[in-house]
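**Student:** The file below is upload.txt, compact mmCIF, C-alpha atoms and all ligand atoms:
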```
# COMPACT_ATOMS: atom_id res chain seq x y z
CA SER S 11 83.08 84.67 99.91
CA PHE S 12 82.83 80.93 99.72
CA GLY S 13 80.05 80.52 97.14
CA LEU S 14 79.71 76.83 96.36
CA LYS S 15 79.08 76.00 92.73
CA THR S 16 79.12 72.24 93.14
CA GLU S 17 76.67 69.41 93.79
CA PHE S 18 78.89 67.26 95.98
CA MET S 19 82.55 68.25 95.69
CA GLY S 20 83.54 70.16 98.83
CA ARG S 21 80.01 70.11 100.27
CA SER S 22 81.29 68.51 103.45
CA ILE S 23 84.49 70.17 104.62
CA HIS S 24 86.53 69.16 107.64
CA TYR S 25 88.65 72.15 108.49
CA GLU S 26 91.69 71.68 110.73
CA GLU S 27 94.20 74.19 112.03
CA LYS S 28 97.12 71.78 112.34
CA VAL S 29 97.39 68.08 111.46
CA ASP S 30 100.12 65.61 110.69
CA SER S 31 98.63 64.80 107.29
CA THR S 32 95.20 65.45 105.80
CA GLN S 33 95.60 62.11 103.97
CA LYS S 34 95.56 60.26 107.25
CA ILE S 35 92.39 61.97 108.44
CA ALA S 36 90.68 61.47 105.09
CA HIS S 37 91.49 57.75 105.16
CA ARG S 38 89.80 57.47 108.53
CA LEU S 39 86.74 59.43 107.41
CA ALA S 40 86.44 57.30 104.26
CA THR S 41 86.52 54.14 106.35
CA ASP S 42 83.84 55.64 108.61
CA GLY S 43 81.50 56.18 105.64
CA ALA S 44 82.18 59.78 104.59
CA VAL S 45 80.18 60.81 101.53
CA GLU S 46 81.78 61.32 98.15
CA GLY S 47 83.26 64.78 97.78
CA THR S 48 84.16 65.10 101.47
CA VAL S 49 87.25 67.27 101.92
CA VAL S 50 89.81 67.54 104.70
CA VAL S 51 91.76 70.79 104.63
CA ALA S 52 94.37 72.05 107.04
CA GLU S 53 96.20 75.34 107.56
CA GLU S 54 99.36 73.45 108.38
CA GLN S 55 100.72 69.90 108.15
CA THR S 56 103.54 68.70 110.33
CA LEU S 57 104.08 65.46 108.36
CA GLY S 58 102.78 66.22 104.88
CA ARG S 59 103.25 63.19 102.68
CA GLY S 60 104.57 63.29 99.14
CA ARG S 61 104.92 60.61 96.49
CA LEU S 62 107.59 57.95 96.81
CA ASP S 63 107.79 58.34 100.59
CA ARG S 64 108.87 61.94 100.43
CA ARG S 65 107.80 64.76 102.70
CA TRP S 66 105.64 67.64 101.54
CA HIS S 67 106.54 71.01 103.02
CA SER S 68 103.22 72.45 104.30
CA PRO S 69 103.81 75.67 106.26
CA LYS S 70 100.88 77.42 107.88
CA TYR S 71 98.45 79.78 106.14
CA THR S 72 100.31 79.86 102.84
CA GLY S 73 99.10 76.91 100.82
CA ILE S 74 96.16 74.65 100.12
CA TRP S 75 96.77 71.33 101.83
CA MET S 76 93.75 69.15 101.28
CA SER S 77 92.52 65.61 100.70
CA ILE S 78 89.39 64.82 98.73
CA ILE S 79 87.45 61.57 99.13
CA LEU S 80 85.93 60.05 95.99
CA LYS S 81 84.04 56.78 95.78
CA PRO S 82 83.87 55.75 92.15
CA ASN S 83 82.56 52.29 91.34
CA LEU S 84 85.64 51.27 89.37
CA PRO S 85 88.29 48.56 89.29
CA MET S 86 91.57 49.36 90.97
CA HIS S 87 93.62 49.63 87.80
CA LYS S 88 91.68 52.77 86.83
CA ALA S 89 92.93 54.72 89.84
CA PRO S 90 95.85 56.34 87.97
CA GLN S 91 93.35 57.88 85.57
CA LEU S 92 91.78 59.74 88.48
CA THR S 93 95.14 61.24 89.33
CA LEU S 94 95.30 62.62 85.80
CA VAL S 95 91.69 63.87 86.03
CA THR S 96 92.71 65.75 89.16
CA ALA S 97 95.85 67.20 87.58
CA VAL S 98 93.85 68.62 84.68
CA ALA S 99 91.24 70.05 87.08
CA VAL S 100 93.88 71.78 89.19
CA VAL S 101 95.60 73.23 86.11
CA GLN S 102 92.26 74.62 84.92
CA ALA S 103 91.47 76.05 88.36
CA ILE S 104 94.87 77.77 88.53
CA GLU S 105 94.26 79.21 85.06
CA ASP S 106 90.78 80.39 86.07
CA VAL S 107 91.99 82.18 89.19
CA THR S 108 95.42 83.52 88.20
CA GLY S 109 95.60 83.52 84.41
CA LEU S 110 98.88 81.61 84.66
CA LEU S 111 99.39 78.70 82.25
CA PRO S 112 100.69 75.74 84.24
CA GLN S 113 101.96 72.52 82.68
CA ILE S 114 101.80 68.93 83.86
CA LYS S 115 104.83 66.74 84.32
CA TRP S 116 103.79 63.10 84.28
CA PRO S 117 102.19 61.75 86.29
CA ASN S 118 100.99 64.59 88.43
CA ASP S 119 103.39 67.42 89.11
CA ILE S 120 102.07 70.81 88.11
CA LEU S 121 104.76 73.25 87.09
CA ILE S 122 104.94 76.91 86.21
CA ASP S 123 108.00 77.91 84.24
CA GLY S 124 109.51 74.55 85.06
CA LYS S 125 109.05 74.92 88.82
CA LYS S 126 106.71 72.83 90.90
CA VAL S 127 103.64 74.58 92.25
CA THR S 128 101.43 71.58 93.01
CA GLY S 129 101.80 67.94 93.94
CA ILE S 130 99.09 65.30 93.87
CA LEU S 131 99.14 62.09 95.87
CA THR S 132 96.48 59.45 95.21
CA GLU S 133 95.89 56.68 97.73
CA LEU S 134 93.39 53.86 97.57
CA GLN S 135 91.11 51.87 99.78
CA ALA S 136 90.19 48.78 97.83
CA ASP S 137 88.38 45.50 98.30
CA ALA S 138 89.84 42.78 96.10
CA ASP S 139 89.87 44.54 92.73
CA ARG S 140 87.26 47.26 93.40
CA ILE S 141 87.89 50.81 94.61
CA ASN S 142 86.09 51.55 97.88
CA ALA S 143 87.48 55.02 98.22
CA ILE S 144 90.16 57.06 96.64
CA ILE S 145 91.91 59.73 98.69
CA ILE S 146 93.28 62.47 96.49
CA GLY S 147 95.81 64.65 98.27
CA ILE S 148 96.46 68.02 96.69
CA GLY S 149 99.17 70.41 97.84
CA ILE S 150 99.21 73.82 96.16
CA ASN S 151 101.88 76.40 96.95
CA VAL S 152 99.79 79.57 96.98
CA ASN S 153 101.15 82.48 98.98
CA GLN S 154 104.66 81.46 99.98
CA LYS S 155 107.40 83.98 99.35
CA LEU S 156 110.59 82.70 97.76
CA GLU S 157 112.44 82.90 101.07
CA ASP S 158 109.79 80.68 102.69
CA PHE S 159 110.96 77.64 100.72
CA PRO S 160 113.50 75.37 102.36
CA GLU S 161 116.96 75.22 100.82
CA ASP S 162 116.52 71.82 99.17
CA ILE S 163 113.54 72.89 97.04
CA LEU S 164 114.35 76.58 96.63
CA HIS S 165 115.35 76.18 92.99
CA THR S 166 112.73 73.64 91.97
CA ALA S 167 109.58 74.99 93.63
CA THR S 168 107.49 78.11 93.29
CA SER S 169 104.16 79.54 94.48
CA LEU S 170 101.30 81.23 92.68
CA SER S 171 102.09 84.41 94.57
CA VAL S 172 105.74 84.36 93.48
CA GLU S 173 104.61 83.87 89.87
CA THR S 174 101.89 86.55 89.84
CA GLY S 175 103.28 89.05 92.33
CA GLN S 176 99.90 89.01 94.04
CA VAL S 177 98.29 87.49 97.09
CA ILE S 178 95.87 84.80 95.92
CA SER S 179 92.67 83.89 97.77
CA ARG S 180 93.05 80.31 98.93
CA ALA S 181 89.29 79.95 99.48
CA GLY S 182 88.61 81.15 95.95
CA LEU S 183 91.15 78.78 94.47
CA MET S 184 89.83 75.85 96.49
CA GLN S 185 86.36 76.60 95.21
CA ALA S 186 87.65 76.67 91.63
CA VAL S 187 89.34 73.28 92.16
CA PHE S 188 86.07 71.80 93.47
CA ALA S 189 84.10 73.16 90.51
CA ARG S 190 86.60 72.00 87.89
CA LEU S 191 87.14 68.63 89.52
CA GLU S 192 83.45 67.88 89.89
CA LYS S 193 82.84 68.70 86.24
CA LEU S 194 85.75 66.65 84.91
CA TYR S 195 85.07 63.72 87.24
CA LEU S 196 81.47 63.52 86.02
CA THR S 197 82.66 63.72 82.40
CA TYR S 198 85.11 60.92 83.14
CA LEU S 199 82.45 58.69 84.73
CA LYS S 200 80.08 59.30 81.83
CA ASP S 201 82.37 59.36 78.78
CA GLY S 202 85.46 57.55 79.99
CA PHE S 203 89.08 58.60 80.00
CA TYR S 204 89.48 59.64 76.37
CA PRO S 205 88.31 63.28 76.69
CA ILE S 206 90.49 63.67 79.79
CA LYS S 207 93.49 62.15 78.00
CA LEU S 208 93.18 64.77 75.24
CA LEU S 209 93.05 67.61 77.77
CA TRP S 210 95.91 66.12 79.75
CA GLU S 211 98.14 65.79 76.71
CA GLY S 212 97.38 69.40 75.84
CA TYR S 213 98.89 70.48 79.16
CA ALA S 214 101.70 67.93 79.25
CA LEU S 215 105.25 69.19 79.40
CA SER S 216 107.14 66.07 78.42
CA ILE S 217 105.26 64.73 75.39
CA GLY S 218 107.51 64.63 72.33
CA LYS S 219 110.61 65.31 74.40
CA GLU S 220 113.59 63.14 75.26
CA ILE S 221 113.21 62.02 78.84
CA ILE S 222 114.62 59.66 81.40
CA ALA S 223 112.16 57.79 83.59
CA ARG S 224 113.83 56.89 86.85
CA THR S 225 111.96 53.79 88.06
CA VAL S 226 112.64 51.57 91.05
CA THR S 227 114.07 48.96 88.70
CA GLY S 228 116.28 51.35 86.74
CA ASP S 229 116.25 54.15 84.16
CA ILE S 230 114.31 54.08 80.92
CA ALA S 231 115.48 56.65 78.37
CA GLY S 232 113.74 57.72 75.19
CA LYS S 233 111.09 59.93 73.69
CA ALA S 234 107.85 60.44 75.62
CA LEU S 235 105.08 59.52 73.19
CA GLY S 236 102.03 60.14 75.34
CA ILE S 237 99.86 58.18 77.73
CA THR S 238 97.82 55.04 77.23
CA GLU S 239 94.11 54.67 77.89
CA ASP S 240 95.05 53.72 81.46
CA GLY S 241 97.17 56.80 82.02
CA VAL S 242 100.42 54.90 81.71
CA LEU S 243 103.37 56.73 80.14
CA LYS S 244 104.70 55.45 76.80
CA ILE S 245 108.38 55.92 76.02
CA GLN S 246 110.05 54.99 72.75
CA GLN S 247 113.63 53.88 73.30
CA GLU S 248 116.41 54.55 70.83
CA ASP S 249 116.16 50.95 69.58
CA GLY S 250 112.50 51.62 68.69
CA GLU S 251 111.02 49.54 71.48
CA ILE S 252 108.06 51.14 73.26
CA ARG S 253 108.09 50.83 77.03
CA HIS S 254 105.21 51.43 79.45
CA VAL S 255 106.04 53.25 82.67
CA TYR S 256 103.70 52.97 85.65
CA SER S 257 105.63 54.84 88.28
CA ALA S 258 108.76 56.95 88.01
CA ASP S 259 110.37 60.33 88.35
CA ILE S 260 110.79 62.03 85.02
CA ILE S 261 113.87 63.94 84.01
CA ILE S 262 113.41 66.04 80.88
CA ASN S 263 116.44 66.57 78.66
CA GLU S 264 116.07 70.16 77.44
C1 LIG S 301 103.99 64.93 95.59
O1 LIG S 301 104.90 64.24 96.05
O2 LIG S 301 104.19 65.69 94.63
C2 LIG S 301 102.60 64.87 96.18
C3 LIG S 301 102.41 65.87 97.29
C4 LIG S 301 101.01 65.82 97.90
C5 LIG S 301 100.86 66.77 99.06
C6 LIG S 301 99.45 66.84 99.58
S1 LIG S 301 99.20 68.16 100.71
C7 LIG S 301 97.63 67.52 101.18
C8 LIG S 301 97.77 66.01 101.21
N1 LIG S 301 98.19 65.57 102.53
C9 LIG S 301 99.41 65.03 102.49
O3 LIG S 301 100.03 64.60 103.49
N2 LIG S 301 99.91 65.04 101.25
C10 LIG S 301 98.94 65.60 100.31
```
As structure tokens, how would this structure be written, given the file I've shared?
**Tutor:**
Amino acid sequence: SFGLKTEFMGRSIHYEEKVDSTQKIAHRLATDGAVEGTVVVAEEQTLGRGRLDRRWHSPKYTGIWMSIILKPNLPMHKAPQLTLVTAVAVVQAIEDVTGLLPQIKWPNDILIDGKKVTGILTELQADADRINAIIIGIGINVNQKLEDFPEDILHTATSLSVETGQVISRAGLMQAVFARLEKLYLTYLKDGFYPIKLLWEGYALSIGKEIIARTVTGDIAGKALGITEDGVLKIQQEDGEIRHVYSADIIINE
């Protein structure tokens, strides 16, 4: 069943069999005045987009490939916080539905046993410094079998089905994501980022560990201390200096 437990999240759903990218469609809908909480979901994406210009493997019927439109009245620099709000919501939803205990790798990879099960891609429509719409793309590997993963991600990716040995209801999980996200988003708008930051750090994989942040301008190595109020990663280098990282791939030295 598809019992909706939300006020606005997922109330308007655009369901597609096959698209290039749900992000693209959601951008268009947002421009055309879609209401907050509108969702675009597809069974299959032929050109799923990942972070840093990568592709997101989105084979048919096995995952949740969706984009959610939010319209918070916030300045642009707060957008990264919403990515972290979403990551926490998805972790909670996965816990609710499967009992698995996922972890978050900054900024927004969700891992189980060190393997990636979910990616989140946040894109903005902004006017000067204000957010007009934020398009949150969520890709969750749900019912893929191991052999369904392409060679290049075979050892770094997993699915909820691989991890539980069961077939997971995608509709049920989507519903759980809507419920968790709506609740956390409203908390965030009312009480600010601090309560979210605490939750996020509780799920974070890299905090307290030695990491390398691979940024476009070079590597930053040191101990991951946590995140700032803006959701920016803080790394303490060996020389004691604390660096702020806005965008990077994180390598964790185990
Ligand atoms: C990442 O690189 O980890 C982010 C992956 C985000 C994938 C999702 S799937 C639904 C939405 N549509 C896209 O084209 N990408 C996002």
**Student:** For ligand LIG 301 (chain S), which residue among S:Val177, S:Ala44, S:Val29, S:Ala103 is the nearest when counting only C-alpha atoms and all ligand atoms?
**Tutor:**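 When distances to ligand LIG 301 (chain S) are compared using only C-alpha atoms and all ligand atoms, the smallest one comes from S:Val29.
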**Student:** Please report the interatomic distance between CA of Glu46 (chain S) and CA of Leu183 (chain S) in Å with one decimal.
**Tutor:**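 Rounded to one decimal, the two atoms are 20.2 Å apart.
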**Student:** Give me the residues within 12 Å of Asp162 (chain S) as a list in words, counting all atoms listed in the file and dropping any in the same chain fewer than 6 places off.
**Tutor:**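 Here the answer would be Arg65, Trp66 and His67 of chain S.
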**Student:** Would you output that residue set with C-alpha atoms, as a PDB file, in the frame of the given file?
**Tutor:**
```pdb
ATOM      1  CA  ARG S  65     107.800  64.760 102.700  1.00  0.00           C
ATOM      2  CA  TRP S  66     105.640  67.640 101.540  1.00  0.00           C
ATOM      3  CA  HIS S  67     106.540  71.010 103.020  1.00  0.00           C
TER       4      HIS S  67
END
```
**Student:** So for ligand LIG 301 (chain S), what box centre and size do we get, axis-aligned, 5 Å extra on each of the six sides, every listed atom, Å to one decimal, as lines of an AutoDock Vina configuration file?
**Tutor:**
```
center_x = 101.3
center_y = 66.2
center_z = 99.1
size_x = 17.3
size_y = 13.9
size_z = 18.9
```
**Student:** Taking (108.3, 78.4, 85.8) as a centre in this file's frame and 12 Å as the limit, can you find every polymer residue with an atom that close, using all atoms listed in the file, and give them as a list in words?
**Tutor:**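 Residues found, by chain and rising number: Leu110, Leu111, Pro112, Gln113, Ile114, Ile120, Leu121, Ile122, Asp123, Gly124, Lys125, Lys126, Val127, His165, Thr166, Ala167, Thr168, Ser169, Leu170, Val172, Glu173, Thr174 and Leu215 of chain S.
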**Student:** Might you pull out every residue within 8 Å of region 238-241 of chain S, with all atoms listed in the file counted and same-chain residues fewer than 5 positions away left off, and present them as an NGL selection string?
**Tutor:** :S and (87-88 or 90-91 or 94 or 203-204 or 207)
**Student:** Show me which residues sit within 7 Å of ligand LIG 301 (chain S) when counting all atoms listed in the file, and put them as a PyMOL selection string.
**Tutor:** chain S and resi 31-33+57-62+64+66+68+75-77+119+128-131+147-149
**Student:** Please indicate the distance in Å from CA of Leu164 (chain S) to CA of Thr72 (chain S), rounded to one decimal place.
**Tutor:**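 Computed distance, CA of Leu164 (chain S) to CA of Thr72 (chain S), equals 15.7 Å.
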**Student:** Mind giving me the straight-line distance from CA of Ser216 (chain S) to CA of Ile262 (chain S) in Å, one decimal?
**Tutor:**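 Distance between the two atoms: 6.7 Å.
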**Student:** Give me, as a VMD selection string, all polymer residues having an atom no more than 9 Å from Trp210 (chain S), counting all atoms listed in the file and skipping those fewer than 3 positions away in the same chain.
**Tutor:** chain S and resid 94 to 95 97 to 98 114 205 to 207 213 to 214
**Student:** Would you mind exporting C-alpha atoms of the selected residues as a PDB file, in the coordinates of the input?
**Tutor:**
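Done, and the output landed in out.pdb:
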```pdb
ATOM      1  CA  LEU S  94      95.300  62.620  85.800  1.00  0.00           C
ATOM      2  CA  VAL S  95      91.690  63.870  86.030  1.00  0.00           C
ATOM      3  CA  ALA S  97      95.850  67.200  87.580  1.00  0.00           C
ATOM      4  CA  VAL S  98      93.850  68.620  84.680  1.00  0.00           C
ATOM      5  CA  ILE S 114     101.800  68.930  83.860  1.00  0.00           C
ATOM      6  CA  PRO S 205      88.310  63.280  76.690  1.00  0.00           C
ATOM      7  CA  ILE S 206      90.490  63.670  79.790  1.00  0.00           C
ATOM      8  CA  LYS S 207      93.490  62.150  78.000  1.00  0.00           C
ATOM      9  CA  TYR S 213      98.890  70.480  79.160  1.00  0.00           C
ATOM     10  CA  ALA S 214     101.700  67.930  79.250  1.00  0.00           C
TER      11      ALA S 214
END
```
